[in-house]
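Chemist: Next up, entry29.cif (mmCIF, C-alpha atoms).
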data_my_file
loop_
_atom_site.label_atom_id
_atom_site.label_comp_id
_atom_site.auth_asym_id
_atom_site.auth_seq_id
_atom_site.Cartn_x
_atom_site.Cartn_y
_atom_site.Cartn_z
CA MET V 1 -30.21 83.31 -75.19
CA ARG V 2 -28.65 85.68 -72.64
CA ARG V 3 -28.62 88.46 -75.20
CA LEU V 4 -32.27 87.73 -76.04
CA PHE V 5 -33.24 87.80 -72.38
CA GLY V 6 -31.30 91.03 -71.76
CA ALA V 7 -32.94 92.77 -74.71
CA ALA V 8 -36.41 91.60 -73.68
CA PHE V 9 -35.81 92.64 -70.07
CA ALA V 10 -34.58 96.12 -71.07
CA ALA V 11 -37.54 96.62 -73.42
CA SER V 12 -40.00 95.55 -70.73
CA LEU V 13 -38.41 97.88 -68.19
CA ALA V 14 -38.69 100.76 -70.65
CA THR V 15 -42.37 99.98 -71.22
CA PHE V 16 -42.93 99.76 -67.46
CA ALA V 17 -41.26 103.16 -66.94
CA LEU V 18 -43.34 104.78 -69.67
CA ALA V 19 -46.50 103.47 -68.02
CA LEU V 20 -45.77 105.37 -64.80
CA PRO V 21 -47.65 108.69 -64.45
CA ALA V 22 -45.85 111.99 -64.99
CA GLN V 23 -45.14 114.09 -61.91
CA ALA V 24 -48.26 116.19 -61.49
CA THR V 25 -48.29 119.61 -59.85
CA ILE V 26 -50.21 122.83 -59.22
CA LEU V 27 -48.82 126.21 -60.27
CA LEU V 28 -49.64 129.71 -59.02
CA ASP V 29 -49.48 132.77 -61.30
CA GLU V 30 -49.61 136.18 -59.61
CA THR V 31 -49.05 138.34 -62.69
CA GLY V 32 -52.77 139.06 -63.14
CA LEU V 33 -56.15 137.48 -63.74
CA GLY V 34 -56.31 134.85 -66.50
CA GLY V 35 -58.88 135.22 -69.24
CA THR V 36 -60.42 131.75 -69.11
CA GLY V 37 -62.77 129.91 -66.77
CA ASN V 38 -66.46 130.05 -65.92
CA ASN V 39 -67.67 132.95 -63.80
CA VAL V 40 -69.03 132.06 -60.38
CA VAL V 41 -72.07 134.17 -59.53
CA PHE V 42 -73.69 134.78 -56.16
CA SER V 43 -76.47 132.37 -55.21
CA SER V 44 -77.38 132.73 -51.53
CA ILE V 45 -76.25 133.14 -47.94
CA ALA V 46 -76.73 129.66 -46.50
CA ASN V 47 -75.88 130.76 -42.96
CA SER V 48 -73.64 133.19 -41.09
CA GLY V 49 -70.52 131.27 -42.13
CA LEU V 50 -71.39 129.84 -45.56
CA ILE V 51 -71.93 131.59 -48.90
CA LEU V 52 -73.12 129.66 -51.96
CA GLY V 53 -72.33 130.51 -55.57
CA ARG V 54 -73.11 128.88 -58.92
CA LEU V 55 -71.34 128.70 -62.23
CA ASN V 56 -72.66 131.13 -64.81
CA GLY V 57 -73.76 129.76 -68.18
CA GLN V 58 -74.56 126.19 -69.20
CA ASN V 59 -72.93 124.68 -66.13
CA ASP V 60 -74.83 124.75 -62.87
CA GLU V 61 -72.31 123.50 -60.32
CA VAL V 62 -72.42 124.83 -56.75
CA VAL V 63 -69.45 126.54 -55.09
CA ARG V 64 -69.23 126.67 -51.30
CA PHE V 65 -67.38 129.52 -49.59
CA LEU V 66 -66.87 128.61 -45.94
CA ASP V 67 -65.65 131.22 -43.47
CA ARG V 68 -62.97 129.78 -41.16
CA SER V 69 -61.87 133.00 -39.47
CA ALA V 70 -62.64 131.52 -36.05
CA PHE V 71 -59.96 128.85 -36.71
CA ASN V 72 -57.28 131.36 -37.75
CA PRO V 73 -55.51 132.75 -34.67
CA ASP V 74 -53.07 134.69 -36.89
CA GLY V 75 -55.75 136.72 -38.65
CA GLY V 76 -56.39 140.39 -37.91
CA LEU V 77 -59.48 141.79 -36.22
CA LEU V 78 -62.32 141.92 -38.75
CA THR V 79 -64.07 145.24 -39.30
CA GLY V 80 -67.43 143.70 -40.22
CA LEU V 81 -69.44 140.52 -40.57
CA PHE V 82 -68.65 137.79 -43.10
CA SER V 83 -71.03 138.16 -46.02
CA GLY V 84 -71.46 137.79 -49.77
CA SER V 85 -73.41 139.46 -52.55
CA ALA V 86 -73.75 139.83 -56.29
CA ASN V 87 -71.43 142.34 -57.94
CA GLY V 88 -72.62 142.56 -61.51
CA ASN V 89 -71.92 139.23 -63.20
CA ASP V 90 -69.70 138.21 -60.31
CA ILE V 91 -69.63 137.21 -56.66
CA LYS V 92 -68.16 139.36 -53.92
CA ILE V 93 -67.26 138.03 -50.47
CA VAL V 94 -66.21 140.36 -47.64
CA ASN V 95 -64.69 140.26 -44.17
CA THR V 96 -62.81 137.03 -43.61
CA SER V 97 -59.32 136.00 -42.55
CA GLU V 98 -59.67 132.40 -43.78
CA LEU V 99 -61.83 131.11 -46.61
CA ASP V 100 -62.27 127.50 -47.71
CA ILE V 101 -63.55 126.89 -51.25
CA THR V 102 -65.02 123.66 -52.63
CA VAL V 103 -67.06 122.79 -55.73
CA PHE V 104 -70.05 120.43 -55.85
CA ASP V 105 -72.39 119.17 -58.54
CA ARG V 106 -75.74 120.88 -59.18
CA THR V 107 -77.38 118.86 -56.41
CA ASN V 108 -74.79 120.20 -53.92
CA LEU V 109 -74.09 116.61 -52.80
CA THR V 110 -71.11 115.29 -54.79
CA GLN V 111 -67.81 117.12 -54.55
CA LEU V 112 -66.07 117.88 -57.85
CA THR V 113 -62.56 118.89 -58.83
CA THR V 114 -61.23 121.80 -60.87
CA THR V 115 -58.19 122.35 -63.06
CA ARG V 116 -58.05 126.12 -62.66
CA ASP V 117 -59.10 128.63 -59.97
CA ILE V 118 -58.78 132.37 -60.64
CA PHE V 119 -59.62 135.10 -58.13
CA SER V 120 -58.67 138.53 -56.83
CA ILE V 121 -58.20 139.67 -53.23
CA VAL V 122 -58.10 143.05 -51.54
CA GLY V 123 -56.74 142.95 -48.02
CA THR V 124 -53.77 143.28 -45.72
CA GLY V 125 -51.14 140.94 -44.32
CA THR V 126 -49.56 137.81 -45.79
CA LEU V 127 -51.75 135.45 -47.78
CA PHE V 128 -51.23 131.70 -47.48
CA ILE V 129 -52.86 129.35 -50.00
CA ARG V 130 -53.22 125.60 -49.56
CA ALA V 131 -54.41 123.79 -52.67
CA THR V 132 -55.34 120.16 -52.01
CA ALA V 133 -54.98 118.02 -55.11
CA LEU V 134 -56.66 114.72 -55.92
CA GLU V 135 -54.07 112.40 -57.46
CA ALA V 136 -54.74 109.83 -60.19
CA ASP V 137 -54.44 107.00 -57.66
CA GLY V 138 -57.10 108.52 -55.39
CA SER V 139 -54.67 109.96 -52.83
CA PHE V 140 -54.39 113.62 -51.83
CA GLN V 141 -51.43 116.01 -51.92
CA ASN V 142 -51.17 119.56 -50.57
CA PHE V 143 -49.46 122.42 -52.39
CA PHE V 144 -48.58 125.57 -50.42
CA PHE V 145 -48.08 129.15 -51.61
CA SER V 146 -47.69 132.53 -49.91
CA SER V 147 -47.78 136.17 -50.98
CA VAL V 148 -47.62 139.55 -49.22
CA LEU V 149 -50.78 141.44 -50.19
CA LYS V 150 -50.21 144.75 -51.95
CA ASN V 151 -52.52 147.77 -51.96
CA GLY V 152 -55.52 147.32 -54.25
CA GLN V 153 -56.44 144.12 -56.04
CA ASN V 154 -54.11 141.12 -55.98
CA GLY V 155 -54.69 138.56 -58.74
CA PHE V 156 -54.13 134.82 -58.29
CA ASP V 157 -54.35 132.02 -60.87
CA LEU V 158 -54.05 128.41 -59.68
CA GLN V 159 -53.50 125.88 -62.47
CA ALA V 160 -53.36 122.10 -62.22
CA ILE V 161 -51.10 120.44 -64.83
CA ASP V 162 -49.98 116.92 -65.79
CA GLY V 163 -53.26 115.32 -64.78
CA GLU V 164 -53.54 117.01 -61.40
CA ARG V 165 -56.99 118.05 -60.13
CA ILE V 166 -57.78 120.62 -57.44
CA TRP V 167 -60.02 119.22 -54.69
CA ASP V 168 -60.04 122.08 -52.18
CA VAL V 169 -58.57 125.58 -51.84
CA ASP V 170 -57.98 127.20 -48.45
CA ILE V 171 -57.01 130.89 -48.28
CA ARG V 172 -55.69 132.23 -44.97
CA VAL V 173 -54.27 135.62 -44.00
CA ALA V 174 -51.74 136.22 -41.23
CA GLY V 175 -51.38 139.69 -39.76
CA GLY V 176 -54.41 141.07 -41.57
CA PHE V 177 -57.66 140.09 -43.25
CA ILE V 178 -59.50 139.97 -46.59
CA THR V 179 -61.83 142.87 -47.26
CA ASP V 180 -62.86 141.74 -50.77
CA PHE V 181 -62.72 138.39 -52.55
CA GLU V 182 -64.07 138.51 -56.11
CA HIS V 183 -63.55 137.81 -59.85
CA PHE V 184 -63.73 134.10 -59.11
CA ARG V 185 -63.60 131.83 -62.15
CA ILE V 186 -62.98 128.10 -62.38
CA ASP V 187 -62.59 125.27 -64.87
CA VAL V 188 -64.37 122.17 -63.60
CA ALA V 189 -62.39 118.98 -64.24
CA PRO V 190 -63.95 116.02 -66.07
CA ASN V 191 -65.63 113.68 -63.59
CA VAL V 192 -63.32 110.68 -64.00
CA THR V 193 -62.94 107.65 -61.75
CA ALA V 194 -59.51 107.34 -60.18
CA VAL V 195 -57.76 104.10 -61.06
CA PRO V 196 -55.27 102.79 -58.48
CA ILE V 197 -51.73 102.74 -59.80
CA PRO V 198 -49.19 100.24 -58.42
CA ALA V 199 -46.49 101.75 -56.25
CA VAL V 200 -43.13 102.21 -57.94
CA GLY V 201 -41.23 98.92 -57.76
CA SER V 202 -44.22 96.79 -56.79
CA GLY V 203 -44.69 95.58 -60.37
CA LEU V 204 -41.02 94.83 -61.00
CA PRO V 205 -40.93 91.37 -59.34
CA MET V 206 -43.96 90.30 -61.38
CA LEU V 207 -42.29 91.61 -64.51
CA VAL V 208 -39.11 89.63 -63.85
CA ALA V 209 -41.11 86.49 -63.05
CA GLY V 210 -43.01 86.82 -66.31
CA LEU V 211 -39.81 87.18 -68.32
CA MET V 212 -38.25 84.17 -66.61
CA GLY V 213 -41.33 82.15 -67.48
CA ILE V 214 -40.99 83.10 -71.15
CA VAL V 215 -37.32 82.10 -71.15
CA ALA V 216 -38.13 78.73 -69.55
CA LEU V 217 -40.87 78.07 -72.09
CA ASN V 218 -38.50 78.84 -74.98
CA ARG V 219 -35.92 76.42 -73.55
CA LYS V 220 -38.49 73.61 -73.36
CA ARG V 221 -39.57 74.23 -76.95
CA LYS V 222 -35.93 74.23 -78.11
CA ALA V 223 -35.27 70.95 -76.25
CA ARG V 224 -38.29 69.28 -77.88
CA LEU V 225 -37.20 70.53 -81.30
CA ASN V 226 -33.70 69.06 -80.77
CA GLN V 227 -35.22 65.69 -79.77
CA VAL V 228 -37.28 65.60 -82.95
CA MET V 229 -34.25 66.47 -85.10
CA ASP V 230 -32.09 63.78 -83.41
CA ALA V 231 -34.74 61.08 -83.91
#
Represent the structure from my file as structure tokens, please.
Modeler:
Amino acid sequence: MRRLFGAAFAASLATFALALPAQATILLDETGLGGTGNNVVFSSIANSGLILGRLNGQNDEVVRFLDRSAFNPDGGLLTGLFSGSANGNDIKIVNTSELDITVFDRTNLTQLTTTRDIFSIVGTGTLFIRATALEADGSFQNFFFSSVLKNGQNGFDLQAIDGERIWDVDIRVAGGFITDFEHFRIDVAPNVTAVPIPAVGSGLPMLVAGLMGIVALNRKRKARLNQVMDA
């Protein structure tokens, strides 16, 4: 019986471990601009601090580009006003030291997530990227990256893997500013409902209790069988 219980307990623990989610993460590739994703095209200037874009093609999601230069004390003195425009089949945003990027549905009411964000930047100083991820259990986690901007275009490719989804991207420059932000492409994540996942260890007591109940039930059945055989 002890061997049976030990084998059952080990098997259940293995199943419980396999049910836990893999460690999700967000990666940054600076080797160039990836070839996938939907182009984001210029839509309108909502106000002096907000540019709106839309996905090109069948999708019609809205992308908000919010200027946060006023909240960045480390940014350099801007040479012009924050603005945006169409640049062929692309969007071009100019003059900012901090840019916050979020994606919404076509009604511009419900925020969506992405699995990939690709863009290029021309500017000076050190670039800091904060990618806020939406976890499977509904919680949020921040991922931080930094890069010294080189002359000319600098390509960045953020990718969410292992079930991670990008909720928000904040781009901030210290000791300089962004003169051009363009070539922006994204992959919108499927709109799935997050299902709460028990914290690690919280399900173990219930698992042990369930196994003990099975063992007790088997003992009762064995006792009844012995009584019938002795009769």
Chemist: Using only C-alpha atoms for the distances, tell me which of V:Gly152, V:Asp74, V:Asp100, V:Ile118 is nearest to Arg130 in chain V.
Modeler: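 Of the candidates, the smallest distance to Arg130 in chain V is held by V:Asp100.
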Chemist: Might you pull out every residue within 10 Å of Gln159 in chain V, with all atoms listed in the file counted and same-chain residues fewer than 6 positions away left off, and present them as a tab-separated table (two decimals) with C-alpha atoms, in the coordinates of the input?
Modeler:
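Contents of selection.tsv, freshly written:
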chain	number	residue	atom	x	y	z
V	25	THR	CA	-48.29	119.61	-59.85
V	26	ILE	CA	-50.21	122.83	-59.22
V	27	LEU	CA	-48.82	126.21	-60.27
V	28	LEU	CA	-49.64	129.71	-59.02
V	29	ASP	CA	-49.48	132.77	-61.30
V	114	THR	CA	-61.23	121.80	-60.87
V	115	THR	CA	-58.19	122.35	-63.06
V	116	ARG	CA	-58.05	126.12	-62.66
V	117	ASP	CA	-59.10	128.63	-59.97
V	118	ILE	CA	-58.78	132.37	-60.64
V	165	ARG	CA	-56.99	118.05	-60.13
V	166	ILE	CA	-57.78	120.62	-57.44
V	186	ILE	CA	-62.98	128.10	-62.38
V	187	ASP	CA	-62.59	125.27	-64.87
Chemist: Please evaluate the PyMOL selection byres ((chain V and resi 137-150) around 9) against the structure above and give the resulting residues as an mmCIF file with C-alpha atoms, in the coordinates of the input.
Modeler:
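The result, written out as result17.cif:
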data_model
loop_
_atom_site.group_PDB
_atom_site.id
_atom_site.type_symbol
_atom_site.label_atom_id
_atom_site.label_comp_id
_atom_site.auth_asym_id
_atom_site.auth_seq_id
_atom_site.Cartn_x
_atom_site.Cartn_y
_atom_site.Cartn_z
ATOM 1 C CA THR V 25 -48.290 119.610 -59.850
ATOM 2 C CA ILE V 26 -50.210 122.830 -59.220
ATOM 3 C CA LEU V 27 -48.820 126.210 -60.270
ATOM 4 C CA LEU V 28 -49.640 129.710 -59.020
ATOM 5 C CA GLU V 30 -49.610 136.180 -59.610
ATOM 6 C CA ILE V 121 -58.200 139.670 -53.230
ATOM 7 C CA VAL V 122 -58.100 143.050 -51.540
ATOM 8 C CA GLY V 123 -56.740 142.950 -48.020
ATOM 9 C CA THR V 124 -53.770 143.280 -45.720
ATOM 10 C CA GLY V 125 -51.140 140.940 -44.320
ATOM 11 C CA THR V 126 -49.560 137.810 -45.790
ATOM 12 C CA LEU V 127 -51.750 135.450 -47.780
ATOM 13 C CA PHE V 128 -51.230 131.700 -47.480
ATOM 14 C CA ILE V 129 -52.860 129.350 -50.000
ATOM 15 C CA ARG V 130 -53.220 125.600 -49.560
ATOM 16 C CA ALA V 131 -54.410 123.790 -52.670
ATOM 17 C CA THR V 132 -55.340 120.160 -52.010
ATOM 18 C CA ALA V 133 -54.980 118.020 -55.110
ATOM 19 C CA LEU V 134 -56.660 114.720 -55.920
ATOM 20 C CA GLU V 135 -54.070 112.400 -57.460
ATOM 21 C CA ALA V 136 -54.740 109.830 -60.190
ATOM 22 C CA ASN V 151 -52.520 147.770 -51.960
ATOM 23 C CA GLY V 152 -55.520 147.320 -54.250
ATOM 24 C CA GLN V 153 -56.440 144.120 -56.040
ATOM 25 C CA ASN V 154 -54.110 141.120 -55.980
ATOM 26 C CA TRP V 167 -60.020 119.220 -54.690
ATOM 27 C CA THR V 193 -62.940 107.650 -61.750
ATOM 28 C CA ALA V 194 -59.510 107.340 -60.180
ATOM 29 C CA VAL V 195 -57.760 104.100 -61.060
ATOM 30 C CA PRO V 196 -55.270 102.790 -58.480
ATOM 31 C CA ILE V 197 -51.730 102.740 -59.800
ATOM 32 C CA PRO V 198 -49.190 100.240 -58.420
#
Chemist: If you measure from CA of Thr179 in chain V to CA of Ile45 in chain V, what distance in Å do you get, rounded to one decimal?
Modeler: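 That distance, rounded to one decimal, is 17.4 Å.
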Chemist: What is the distance, in Å and to one decimal place, between CA of Asp168 in chain V and CA of Phe156 in chain V?
Modeler: 15.3 Å
Chemist: Could you tell me which of V:Ser43, V:Asn72, V:Asn95, V:Ser48 comes closest to Asp60 in chain V if we count only C-alpha atoms?
Modeler: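 Of V:Ser43, V:Asn72, V:Asn95, V:Ser48, the one nearest Asp60 in chain V, counting only C-alpha atoms, is V:Ser43.
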Chemist: Check what the PyMOL selection byres ((chain V and resi 68) around 9) selects in the file above and give those residues as a PDB file with C-alpha atoms, in the frame of the given file.
Modeler:
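Saved result, result07.pdb, follows:
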ATOM      1  CA  GLY V  49     -70.520 131.270 -42.130  1.00  0.00           C
ATOM      2  CA  LEU V  66     -66.870 128.610 -45.940  1.00  0.00           C
ATOM      3  CA  ASP V  67     -65.650 131.220 -43.470  1.00  0.00           C
ATOM      4  CA  SER V  69     -61.870 133.000 -39.470  1.00  0.00           C
ATOM      5  CA  ALA V  70     -62.640 131.520 -36.050  1.00  0.00           C
ATOM      6  CA  PHE V  71     -59.960 128.850 -36.710  1.00  0.00           C
ATOM      7  CA  ASN V  72     -57.280 131.360 -37.750  1.00  0.00           C
ATOM      8  CA  THR V  96     -62.810 137.030 -43.610  1.00  0.00           C
ATOM      9  CA  SER V  97     -59.320 136.000 -42.550  1.00  0.00           C
ATOM     10  CA  GLU V  98     -59.670 132.400 -43.780  1.00  0.00           C
ATOM     11  CA  LEU V  99     -61.830 131.110 -46.610  1.00  0.00           C
ATOM     12  CA  ASP V 100     -62.270 127.500 -47.710  1.00  0.00           C
ATOM     13  CA  ARG V 172     -55.690 132.230 -44.970  1.00  0.00           C
TER      14      ARG V 172
END
Chemist: In Å, how far is it from CA of Asn39 in chain V to CA of Thr113 in chain V?
Modeler: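 Straight-line distance from CA of Asn39 in chain V to CA of Thr113 in chain V works out to 15.8 Å.
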Chemist: Translate the PyMOL selection byres ((chain V and resi 85-92) around 6) into a concrete residue list for this structure, as number ranges by chain.
Modeler: V: 41-42, 84, 93, 181-182
Chemist: Please return range 132-145 of chain V, rebuilt to N, CA, C and O atoms, as a PDB file, keeping the file's coordinate frame.
Modeler:
ATOM      1  N   THR V 132     -55.356 121.613 -52.182  1.00  0.00           N
ATOM      2  CA  THR V 132     -55.340 120.160 -52.010  1.00  0.00           C
ATOM      3  C   THR V 132     -55.696 119.509 -53.334  1.00  0.00           C
ATOM      4  O   THR V 132     -56.733 119.802 -53.921  1.00  0.00           O
ATOM      5  N   ALA V 133     -54.801 118.653 -53.809  1.00  0.00           N
ATOM      6  CA  ALA V 133     -54.980 118.020 -55.110  1.00  0.00           C
ATOM      7  C   ALA V 133     -55.403 116.563 -54.948  1.00  0.00           C
ATOM      8  O   ALA V 133     -54.971 115.871 -54.019  1.00  0.00           O
ATOM      9  N   LEU V 134     -56.268 116.115 -55.843  1.00  0.00           N
ATOM     10  CA  LEU V 134     -56.660 114.720 -55.920  1.00  0.00           C
ATOM     11  C   LEU V 134     -55.798 114.044 -56.975  1.00  0.00           C
ATOM     12  O   LEU V 134     -55.846 114.406 -58.152  1.00  0.00           O
ATOM     13  N   GLU V 135     -54.987 113.067 -56.548  1.00  0.00           N
ATOM     14  CA  GLU V 135     -54.070 112.400 -57.460  1.00  0.00           C
ATOM     15  C   GLU V 135     -54.809 111.327 -58.276  1.00  0.00           C
ATOM     16  O   GLU V 135     -55.939 110.944 -57.966  1.00  0.00           O
ATOM     17  N   ALA V 136     -54.144 110.836 -59.327  1.00  0.00           N
ATOM     18  CA  ALA V 136     -54.740 109.830 -60.190  1.00  0.00           C
ATOM     19  C   ALA V 136     -55.014 108.521 -59.460  1.00  0.00           C
ATOM     20  O   ALA V 136     -55.904 107.758 -59.842  1.00  0.00           O
ATOM     21  N   ASP V 137     -54.243 108.240 -58.400  1.00  0.00           N
ATOM     22  CA  ASP V 137     -54.440 107.000 -57.660  1.00  0.00           C
ATOM     23  C   ASP V 137     -55.436 107.143 -56.513  1.00  0.00           C
ATOM     24  O   ASP V 137     -55.605 106.240 -55.707  1.00  0.00           O
ATOM     25  N   GLY V 138     -56.100 108.308 -56.417  1.00  0.00           N
ATOM     26  CA  GLY V 138     -57.100 108.520 -55.390  1.00  0.00           C
ATOM     27  C   GLY V 138     -56.561 109.121 -54.108  1.00  0.00           C
ATOM     28  O   GLY V 138     -57.334 109.413 -53.194  1.00  0.00           O
ATOM     29  N   SER V 139     -55.263 109.348 -54.012  1.00  0.00           N
ATOM     30  CA  SER V 139     -54.670 109.960 -52.830  1.00  0.00           C
ATOM     31  C   SER V 139     -54.716 111.489 -52.951  1.00  0.00           C
ATOM     32  O   SER V 139     -55.047 112.031 -53.999  1.00  0.00           O
ATOM     33  N   PHE V 140     -54.371 112.167 -51.850  1.00  0.00           N
ATOM     34  CA  PHE V 140     -54.390 113.620 -51.830  1.00  0.00           C
ATOM     35  C   PHE V 140     -52.986 114.165 -51.563  1.00  0.00           C
ATOM     36  O   PHE V 140     -52.191 113.554 -50.859  1.00  0.00           O
ATOM     37  N   GLN V 141     -52.712 115.339 -52.137  1.00  0.00           N
ATOM     38  CA  GLN V 141     -51.430 116.010 -51.920  1.00  0.00           C
ATOM     39  C   GLN V 141     -51.678 117.503 -51.775  1.00  0.00           C
ATOM     40  O   GLN V 141     -52.472 118.087 -52.523  1.00  0.00           O
ATOM     41  N   ASN V 142     -51.019 118.133 -50.813  1.00  0.00           N
ATOM     42  CA  ASN V 142     -51.170 119.560 -50.570  1.00  0.00           C
ATOM     43  C   ASN V 142     -50.048 120.353 -51.230  1.00  0.00           C
ATOM     44  O   ASN V 142     -48.880 119.952 -51.183  1.00  0.00           O
ATOM     45  N   PHE V 143     -50.411 121.479 -51.820  1.00  0.00           N
ATOM     46  CA  PHE V 143     -49.460 122.420 -52.390  1.00  0.00           C
ATOM     47  C   PHE V 143     -49.635 123.754 -51.667  1.00  0.00           C
ATOM     48  O   PHE V 143     -50.761 124.221 -51.498  1.00  0.00           O
ATOM     49  N   PHE V 144     -48.526 124.366 -51.246  1.00  0.00           N
ATOM     50  CA  PHE V 144     -48.580 125.570 -50.420  1.00  0.00           C
ATOM     51  C   PHE V 144     -47.938 126.755 -51.147  1.00  0.00           C
ATOM     52  O   PHE V 144     -46.879 126.613 -51.771  1.00  0.00           O
ATOM     53  N   PHE V 145     -48.590 127.921 -51.016  1.00  0.00           N
ATOM     54  CA  PHE V 145     -48.080 129.150 -51.610  1.00  0.00           C
ATOM     55  C   PHE V 145     -48.295 130.289 -50.611  1.00  0.00           C
ATOM     56  O   PHE V 145     -49.155 130.214 -49.739  1.00  0.00           O
TER      57      PHE V 145
END
